[in-house]
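Everything below belongs to entry29.pdb, which stores PDB, C-alpha atoms and all ligand atoms.
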ATOM      1  CA  MET A  19      47.800  37.588  12.492
ATOM      2  CA  LYS A  20      47.778  41.304  13.280
ATOM      3  CA  ILE A  21      48.839  43.674  10.512
ATOM      4  CA  ALA A  22      49.770  47.344  10.692
ATOM      5  CA  TRP A  23      48.697  48.551   7.236
ATOM      6  CA  GLY A  24      50.266  51.834   6.174
ATOM      7  CA  ILE A  25      48.345  53.869   3.589
ATOM      8  CA  THR A  26      50.272  56.703   1.924
ATOM      9  CA  GLY A  27      48.994  59.526  -0.256
ATOM     10  CA  SER A  28      48.814  57.664  -3.531
ATOM     11  CA  GLY A  29      45.719  58.037  -5.679
ATOM     12  CA  ASP A  30      47.108  55.315  -7.888
ATOM     13  CA  LYS A  31      45.867  51.921  -6.590
ATOM     14  CA  ILE A  32      44.073  53.475  -3.601
ATOM     15  CA  ILE A  33      40.675  52.114  -4.663
ATOM     16  CA  GLU A  34      42.089  48.655  -5.364
ATOM     17  CA  THR A  35      43.891  48.702  -2.004
ATOM     18  CA  VAL A  36      40.815  49.581   0.049
ATOM     19  CA  GLU A  37      38.770  46.942  -1.775
ATOM     20  CA  LEU A  38      41.473  44.348  -1.054
ATOM     21  CA  MET A  39      41.696  45.346   2.618
ATOM     22  CA  GLU A  40      37.953  44.830   2.997
ATOM     23  CA  ARG A  41      38.076  41.441   1.279
ATOM     24  CA  LEU A  42      41.027  40.219   3.357
ATOM     25  CA  GLU A  43      39.436  41.327   6.614
ATOM     26  CA  GLY A  44      36.305  39.378   5.667
ATOM     27  CA  GLU A  45      37.975  36.258   4.273
ATOM     28  CA  CYS A  46      41.166  35.765   6.274
ATOM     29  CA  ASP A  47      42.040  35.112   9.887
ATOM     30  CA  ILE A  48      43.683  38.504  10.345
ATOM     31  CA  GLU A  49      43.223  41.841  12.045
ATOM     32  CA  ILE A  50      44.107  44.917  10.027
ATOM     33  CA  VAL A  51      44.859  48.232  11.720
ATOM     34  CA  PRO A  52      45.191  50.961   9.075
ATOM     35  CA  TYR A  53      47.686  53.790   9.654
ATOM     36  CA  ALA A  54      47.375  56.613   7.126
ATOM     37  CA  SER A  55      50.087  59.144   6.459
ATOM     38  CA  LYS A  56      48.811  62.743   6.657
ATOM     39  CA  GLU A  57      48.589  62.829   2.887
ATOM     40  CA  GLY A  58      47.180  59.317   2.875
ATOM     41  CA  GLU A  59      44.148  60.651   4.707
ATOM     42  CA  VAL A  60      43.897  63.585   2.285
ATOM     43  CA  VAL A  61      43.860  61.176  -0.657
ATOM     44  CA  LEU A  62      41.337  58.860   1.025
ATOM     45  CA  LYS A  63      39.078  61.918   1.391
ATOM     46  CA  PHE A  64      39.607  62.925  -2.254
ATOM     47  CA  TYR A  65      38.475  59.455  -3.318
ATOM     48  CA  LYS A  66      35.575  59.452  -0.803
ATOM     49  CA  LEU A  67      37.041  56.381   0.888
ATOM     50  CA  LEU A  68      37.812  57.724   4.353
ATOM     51  CA  LYS A  69      34.411  57.070   5.966
ATOM     52  CA  ARG A  70      34.356  53.619   4.416
ATOM     53  CA  VAL A  71      37.798  52.725   5.800
ATOM     54  CA  LYS A  72      36.906  54.082   9.248
ATOM     55  CA  GLY A  73      33.663  52.106   9.187
ATOM     56  CA  VAL A  74      35.250  48.769   8.314
ATOM     57  CA  PHE A  75      38.376  49.329  10.450
ATOM     58  CA  PRO A  76      37.447  51.151  13.689
ATOM     59  CA  GLY A  77      41.122  51.043  14.769
ATOM     60  CA  TYR A  78      42.040  53.405  11.885
ATOM     61  CA  LYS A  79      44.657  56.004  12.828
ATOM     62  CA  VAL A  80      46.213  58.959  11.050
ATOM     63  CA  GLU A  81      49.692  60.468  11.328
ATOM     64  CA  ARG A  82      50.178  63.478  13.571
ATOM     65  CA  SER A  83      53.969  63.284  13.489
ATOM     66  CA  ALA A  84      56.714  60.703  12.920
ATOM     67  CA  ASN A  85      56.150  59.363  16.442
ATOM     68  CA  ALA A  86      52.461  60.057  16.944
ATOM     69  CA  PRO A  87      50.689  57.755  17.089
ATOM     70  CA  PHE A  88      53.701  55.782  18.351
ATOM     71  CA  LEU A  89      53.553  53.038  15.728
ATOM     72  CA  ALA A  90      57.335  52.503  15.649
ATOM     73  CA  SER A  91      57.286  51.495  19.313
ATOM     74  CA  LYS A  92      54.303  49.156  18.853
ATOM     75  CA  LEU A  93      56.158  47.431  16.014
ATOM     76  CA  GLN A  94      59.389  47.156  17.973
ATOM     77  CA  LEU A  95      57.518  45.705  20.955
ATOM     78  CA  GLY A  96      55.966  43.012  18.773
ATOM     79  CA  LYS A  97      52.349  44.232  18.953
ATOM     80  CA  PHE A  98      52.012  43.446  15.228
ATOM     81  CA  ASP A  99      53.201  40.503  13.139
ATOM     82  CA  LEU A 100      54.175  42.673  10.212
ATOM     83  CA  LEU A 101      54.130  46.139   8.693
ATOM     84  CA  LEU A 102      52.746  46.531   5.209
ATOM     85  CA  ILE A 103      52.770  49.811   3.305
ATOM     86  CA  ALA A 104      50.342  49.745   0.394
ATOM     87  CA  PRO A 105      50.032  51.765  -1.681
ATOM     88  CA  ALA A 106      53.437  53.420  -1.215
ATOM     89  CA  THR A 107      54.036  56.804  -2.874
ATOM     90  CA  ALA A 108      57.223  57.756  -4.683
ATOM     91  CA  ASN A 109      57.830  60.080  -1.726
ATOM     92  CA  THR A 110      57.641  57.387   0.959
ATOM     93  CA  VAL A 111      59.738  54.972  -1.122
ATOM     94  CA  ALA A 112      62.417  57.616  -1.739
ATOM     95  CA  LYS A 113      62.621  58.460   1.951
ATOM     96  CA  ILE A 114      62.921  54.868   3.146
ATOM     97  CA  ALA A 115      65.449  54.121   0.398
ATOM     98  CA  HIS A 116      67.609  56.931   1.765
ATOM     99  CA  GLY A 117      67.093  56.203   5.455
ATOM    100  CA  ILE A 118      64.881  59.216   6.101
ATOM    101  CA  ALA A 119      62.450  58.567   8.957
ATOM    102  CA  ASP A 120      60.572  61.858   9.328
ATOM    103  CA  THR A 121      57.016  60.634   8.721
ATOM    104  CA  LEU A 122      54.893  58.092  10.573
ATOM    105  CA  LEU A 123      55.321  55.351   7.974
ATOM    106  CA  THR A 124      58.956  55.941   6.970
ATOM    107  CA  ASN A 125      59.865  55.987  10.647
ATOM    108  CA  ALA A 126      57.782  52.872  11.328
ATOM    109  CA  ALA A 127      59.458  50.978   8.479
ATOM    110  CA  LEU A 128      63.004  51.948   9.397
ATOM    111  CA  GLN A 129      62.506  51.262  13.112
ATOM    112  CA  ALA A 130      60.692  47.952  12.507
ATOM    113  CA  ILE A 131      63.638  46.637  10.496
ATOM    114  CA  LYS A 132      65.875  47.192  13.518
ATOM    115  CA  THR A 133      63.929  44.568  15.476
ATOM    116  CA  ASN A 134      63.628  42.205  12.492
ATOM    117  CA  LEU A 135      59.891  42.720  12.150
ATOM    118  CA  PRO A 136      58.938  41.872   8.555
ATOM    119  CA  VAL A 137      58.248  44.948   6.424
ATOM    120  CA  TYR A 138      56.417  44.680   3.085
ATOM    121  CA  ILE A 139      56.053  47.572   0.684
ATOM    122  CA  TYR A 140      53.924  47.869  -2.433
ATOM    123  CA  PRO A 141      55.217  50.878  -4.421
ATOM    124  CA  VAL A 142      52.937  52.256  -7.099
ATOM    125  CA  ASP A 143      55.790  53.310  -9.398
ATOM    126  CA  GLN A 144      57.450  50.039 -10.358
ATOM    127  CA  GLU A 145      58.411  50.313 -14.023
ATOM    128  CA  VAL A 146      59.512  53.238 -16.154
ATOM    129  CA  GLY A 147      56.856  54.247 -18.659
ATOM    130  CA  GLU A 148      53.196  55.125 -18.829
ATOM    131  CA  VAL A 149      50.607  53.936 -16.337
ATOM    132  CA  THR A 150      46.892  54.657 -16.344
ATOM    133  CA  THR A 151      45.438  55.761 -13.045
ATOM    134  CA  ILE A 152      41.890  56.538 -11.934
ATOM    135  CA  LEU A 153      41.170  60.077 -10.763
ATOM    136  CA  PRO A 154      38.850  60.843  -7.814
ATOM    137  CA  ASN A 155      36.097  61.712 -10.349
ATOM    138  CA  GLY A 156      36.395  58.257 -11.935
ATOM    139  CA  LYS A 157      38.119  59.487 -15.104
ATOM    140  CA  LYS A 158      41.338  57.861 -16.280
ATOM    141  CA  MET A 159      44.656  59.692 -16.545
ATOM    142  CA  LYS A 160      48.001  58.645 -17.967
ATOM    143  CA  LEU A 161      51.115  59.216 -15.844
ATOM    144  CA  HIS A 162      54.775  58.817 -16.682
ATOM    145  CA  VAL A 163      56.742  56.809 -14.116
ATOM    146  CA  ARG A 164      60.231  58.291 -13.730
ATOM    147  CA  LYS A 165      63.415  56.241 -13.817
ATOM    148  CA  GLU A 166      64.557  57.938 -10.598
ATOM    149  CA  ASP A 167      61.501  56.621  -8.746
ATOM    150  CA  VAL A 168      62.034  53.108 -10.106
ATOM    151  CA  LYS A 169      65.670  53.306  -8.993
ATOM    152  CA  ASN A 170      64.484  54.033  -5.445
ATOM    153  CA  VAL A 171      62.274  50.933  -5.605
ATOM    154  CA  GLU A 172      65.335  48.907  -6.641
ATOM    155  CA  THR A 173      67.227  50.314  -3.653
ATOM    156  CA  LEU A 174      64.399  49.099  -1.408
ATOM    157  CA  ARG A 175      64.521  45.651  -3.025
ATOM    158  CA  ASN A 176      68.162  45.383  -2.002
ATOM    159  CA  MET A 177      67.589  46.625   1.529
ATOM    160  CA  ASP A 178      67.805  44.090   4.356
ATOM    161  CA  GLY A 179      64.492  43.608   6.144
ATOM    162  CA  ILE A 180      62.236  44.907   3.372
ATOM    163  CA  THR A 181      60.284  42.873   0.852
ATOM    164  CA  VAL A 182      58.984  44.787  -2.140
ATOM    165  CA  LEU A 183      55.724  43.432  -3.534
ATOM    166  CA  LYS A 184      55.231  43.567  -7.298
ATOM    167  CA  THR A 185      51.448  43.318  -7.152
ATOM    168  CA  LEU A 186      48.734  43.868  -4.566
ATOM    169  CA  ASP A 187      47.690  40.226  -4.954
ATOM    170  CA  GLU A 188      51.005  39.102  -3.439
ATOM    171  CA  ILE A 189      49.672  40.292  -0.073
ATOM    172  CA  ARG A 190      47.544  37.132   0.058
ATOM    173  CA  GLU A 191      50.709  35.014  -0.098
ATOM    174  CA  VAL A 192      52.316  37.086   2.643
ATOM    175  CA  ILE A 193      49.427  36.457   5.021
ATOM    176  CA  ALA A 194      48.939  32.878   3.767
ATOM    177  CA  CYS A 195      45.296  33.403   2.833
ATOM    178  CA  ASP A 196      44.167  32.173  -0.599
TER     179      ASP A 196
HETATM  180  C1  LIG B 201      44.587  63.095  -5.269
HETATM  181  C2  LIG B 201      46.063  62.836  -5.131
HETATM  182  C3  LIG B 201      46.614  61.739  -5.751
HETATM  183  C4  LIG B 201      47.996  61.469  -5.629
HETATM  184  N1  LIG B 201      48.502  60.368  -6.246
HETATM  185  C5  LIG B 201      49.814  60.060  -6.113
HETATM  186  C6  LIG B 201      50.334  58.860  -6.697
HETATM  187  O1  LIG B 201      49.617  58.090  -7.358
HETATM  188  N2  LIG B 201      51.650  58.564  -6.516
HETATM  189  C7  LIG B 201      52.474  59.382  -5.779
HETATM  190  O2  LIG B 201      53.657  59.044  -5.630
HETATM  191  N3  LIG B 201      52.007  60.536  -5.206
HETATM  192  C8  LIG B 201      50.703  60.888  -5.356
HETATM  193  N4  LIG B 201      50.205  62.032  -4.778
HETATM  194  C9  LIG B 201      51.154  62.950  -4.119
HETATM  195  C10 LIG B 201      51.457  62.523  -2.665
HETATM  196  O3  LIG B 201      50.261  62.541  -1.894
HETATM  197  C11 LIG B 201      52.512  63.488  -2.073
HETATM  198  O4  LIG B 201      53.777  63.251  -2.680
HETATM  199  C12 LIG B 201      52.642  63.348  -0.572
HETATM  200  O5  LIG B 201      53.646  64.249  -0.098
HETATM  201  C13 LIG B 201      52.999  61.935  -0.152
HETATM  202  O6  LIG B 201      53.170  61.861   1.245
HETATM  203  P1  LIG B 201      53.303  60.432   1.951
HETATM  204  O7  LIG B 201      54.298  59.659   1.149
HETATM  205  O8  LIG B 201      53.797  60.738   3.328
HETATM  206  O9  LIG B 201      51.942  59.828   1.967
HETATM  207  C14 LIG B 201      48.842  62.334  -4.885
HETATM  208  C15 LIG B 201      48.264  63.446  -4.260
HETATM  209  C16 LIG B 201      46.896  63.699  -4.379
HETATM  210  C17 LIG B 201      46.302  64.917  -3.694
END

For the file at hand, write its structure as structure tokens.
Amino acid sequence: MKIAWGITGSGDKIIETVELMERLEGECDIEIVPYASKEGEVVLKFYKLLKRVKGVFPGYKVERSANAPFLASKLQLGKFDLLLIAPATANTVAKIAHGIADTLLTNAALQAIKTNLPVYIYPVDQEVGEVTTILPNGKKMKLHVRKEDVKNVETLRNMDGITVLKTLDEIREVIACD
């Protein structure tokens, strides 16, 4: 199974995501090609994870524009079995929820749906209230998740062609690798 794995600019869950990607690549019969949004790469750098991701996944690519690299076309032509966006920022979720396709990963998601390619999204902001996140320096910080961002996640849940994942662990079920 070949997976296009979109990484957006979310500090929340970025460490857990990279650790999971490494484990899945080692344990499962899959090939992961990471595609970072522009801000995804910035956040990977902040958390000193960029070199690590590039080392484990030599196919790593970063957004130059909505159509460069031309991920949407690769998805539509069936070069991947699925698109997964994890972690997904409030920004990326809001855009997809409203049909805005002006970044690499929002465009990829909205174009992939048009050819019935499965799209899975793991949004970081899932429930209204406080969450504790880990800062690049390792310290913890509390954040308030807004009801408007959770409403956008609900919109995604009701969108044809998109499956919203509640936890990162659900990715194992998606790729059938326990
Ligand atoms: C260190 C750092 C951590 C961030 N963490 C989050 C986050 O946890 N959730 C979020 O929605 N945005 C977060 N952001 C803000 C996003 O990167 C910003 O909204 C960006 O425009 C998202 O672009 P993208 O959705 O195309 O990746 C963070 C930014 C930085 C620099």

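Against this structure, the PyMOL selection byres (((chain A and resi 184) around 8) and not hetatm) ends up with A:Tyr140, A:Pro141, A:Gln144, A:Val182, A:Leu183, A:Thr185, A:Leu186, A:Glu188.
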
Could you list, as JSON, numbers by chain, all the residues within 8 Å of ligand LIG 201 (chain B), counting all atoms listed in the file?
{"A": [25, 26, 27, 28, 29, 30, 31, 54, 55, 56, 57, 58, 60, 61, 64, 65, 106, 107, 108, 109, 110, 111, 121, 122, 123, 124, 142, 143, 151, 153, 154]}

Would you write out those residues with C-alpha atoms, as a PDB file, in the coordinates of the input?
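Dumped everything to part.pdb:
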ATOM      1  CA  ILE A  25      48.345  53.869   3.589  1.00  0.00           C
ATOM      2  CA  THR A  26      50.272  56.703   1.924  1.00  0.00           C
ATOM      3  CA  GLY A  27      48.994  59.526  -0.256  1.00  0.00           C
ATOM      4  CA  SER A  28      48.814  57.664  -3.531  1.00  0.00           C
ATOM      5  CA  GLY A  29      45.719  58.037  -5.679  1.00  0.00           C
ATOM      6  CA  ASP A  30      47.108  55.315  -7.888  1.00  0.00           C
ATOM      7  CA  LYS A  31      45.867  51.921  -6.590  1.00  0.00           C
ATOM      8  CA  ALA A  54      47.375  56.613   7.126  1.00  0.00           C
ATOM      9  CA  SER A  55      50.087  59.144   6.459  1.00  0.00           C
ATOM     10  CA  LYS A  56      48.811  62.743   6.657  1.00  0.00           C
ATOM     11  CA  GLU A  57      48.589  62.829   2.887  1.00  0.00           C
ATOM     12  CA  GLY A  58      47.180  59.317   2.875  1.00  0.00           C
ATOM     13  CA  VAL A  60      43.897  63.585   2.285  1.00  0.00           C
ATOM     14  CA  VAL A  61      43.860  61.176  -0.657  1.00  0.00           C
ATOM     15  CA  PHE A  64      39.607  62.925  -2.254  1.00  0.00           C
ATOM     16  CA  TYR A  65      38.475  59.455  -3.318  1.00  0.00           C
ATOM     17  CA  ALA A 106      53.437  53.420  -1.215  1.00  0.00           C
ATOM     18  CA  THR A 107      54.036  56.804  -2.874  1.00  0.00           C
ATOM     19  CA  ALA A 108      57.223  57.756  -4.683  1.00  0.00           C
ATOM     20  CA  ASN A 109      57.830  60.080  -1.726  1.00  0.00           C
ATOM     21  CA  THR A 110      57.641  57.387   0.959  1.00  0.00           C
ATOM     22  CA  VAL A 111      59.738  54.972  -1.122  1.00  0.00           C
ATOM     23  CA  THR A 121      57.016  60.634   8.721  1.00  0.00           C
ATOM     24  CA  LEU A 122      54.893  58.092  10.573  1.00  0.00           C
ATOM     25  CA  LEU A 123      55.321  55.351   7.974  1.00  0.00           C
ATOM     26  CA  THR A 124      58.956  55.941   6.970  1.00  0.00           C
ATOM     27  CA  VAL A 142      52.937  52.256  -7.099  1.00  0.00           C
ATOM     28  CA  ASP A 143      55.790  53.310  -9.398  1.00  0.00           C
ATOM     29  CA  THR A 151      45.438  55.761 -13.045  1.00  0.00           C
ATOM     30  CA  LEU A 153      41.170  60.077 -10.763  1.00  0.00           C
ATOM     31  CA  PRO A 154      38.850  60.843  -7.814  1.00  0.00           C
TER      32      PRO A 154
END

Please indicate the distance in Å from atom CA of A:Glu49 to atom CA of A:Met19, rounded to one decimal place.
6.3 Å

Matched chain/residue IDs from the PyMOL selection byres (((chain A and resi 93) around 12) and not hetatm), as a CSV table (one decimal) with C-alpha atoms, in the frame of the given file:
chain,number,residue,atom,x,y,z
A,20,LYS,CA,47.8,41.3,13.3
A,21,ILE,CA,48.8,43.7,10.5
A,22,ALA,CA,49.8,47.3,10.7
A,23,TRP,CA,48.7,48.6,7.2
A,85,ASN,CA,56.2,59.4,16.4
A,87,PRO,CA,50.7,57.8,17.1
A,88,PHE,CA,53.7,55.8,18.4
A,89,LEU,CA,53.6,53.0,15.7
A,90,ALA,CA,57.3,52.5,15.6
A,91,SER,CA,57.3,51.5,19.3
A,92,LYS,CA,54.3,49.2,18.9
A,94,GLN,CA,59.4,47.2,18.0
A,95,LEU,CA,57.5,45.7,21.0
A,96,GLY,CA,56.0,43.0,18.8
A,97,LYS,CA,52.3,44.2,19.0
A,98,PHE,CA,52.0,43.4,15.2
A,99,ASP,CA,53.2,40.5,13.1
A,100,LEU,CA,54.2,42.7,10.2
A,101,LEU,CA,54.1,46.1,8.7
A,102,LEU,CA,52.7,46.5,5.2
A,123,LEU,CA,55.3,55.4,8.0
A,125,ASN,CA,59.9,56.0,10.6
A,126,ALA,CA,57.8,52.9,11.3
A,127,ALA,CA,59.5,51.0,8.5
A,128,LEU,CA,63.0,51.9,9.4
A,129,GLN,CA,62.5,51.3,13.1
A,130,ALA,CA,60.7,48.0,12.5
A,131,ILE,CA,63.6,46.6,10.5
A,132,LYS,CA,65.9,47.2,13.5
A,133,THR,CA,63.9,44.6,15.5
A,134,ASN,CA,63.6,42.2,12.5
A,135,LEU,CA,59.9,42.7,12.2
A,136,PRO,CA,58.9,41.9,8.6
A,137,VAL,CA,58.2,44.9,6.4

Between A:Lys158, A:Gly147, A:Pro105, A:Ser83, single out the one closest to A:Leu62, counting all atoms listed in the file.
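Result for the nearest residue to A:Leu62: A:Pro105.
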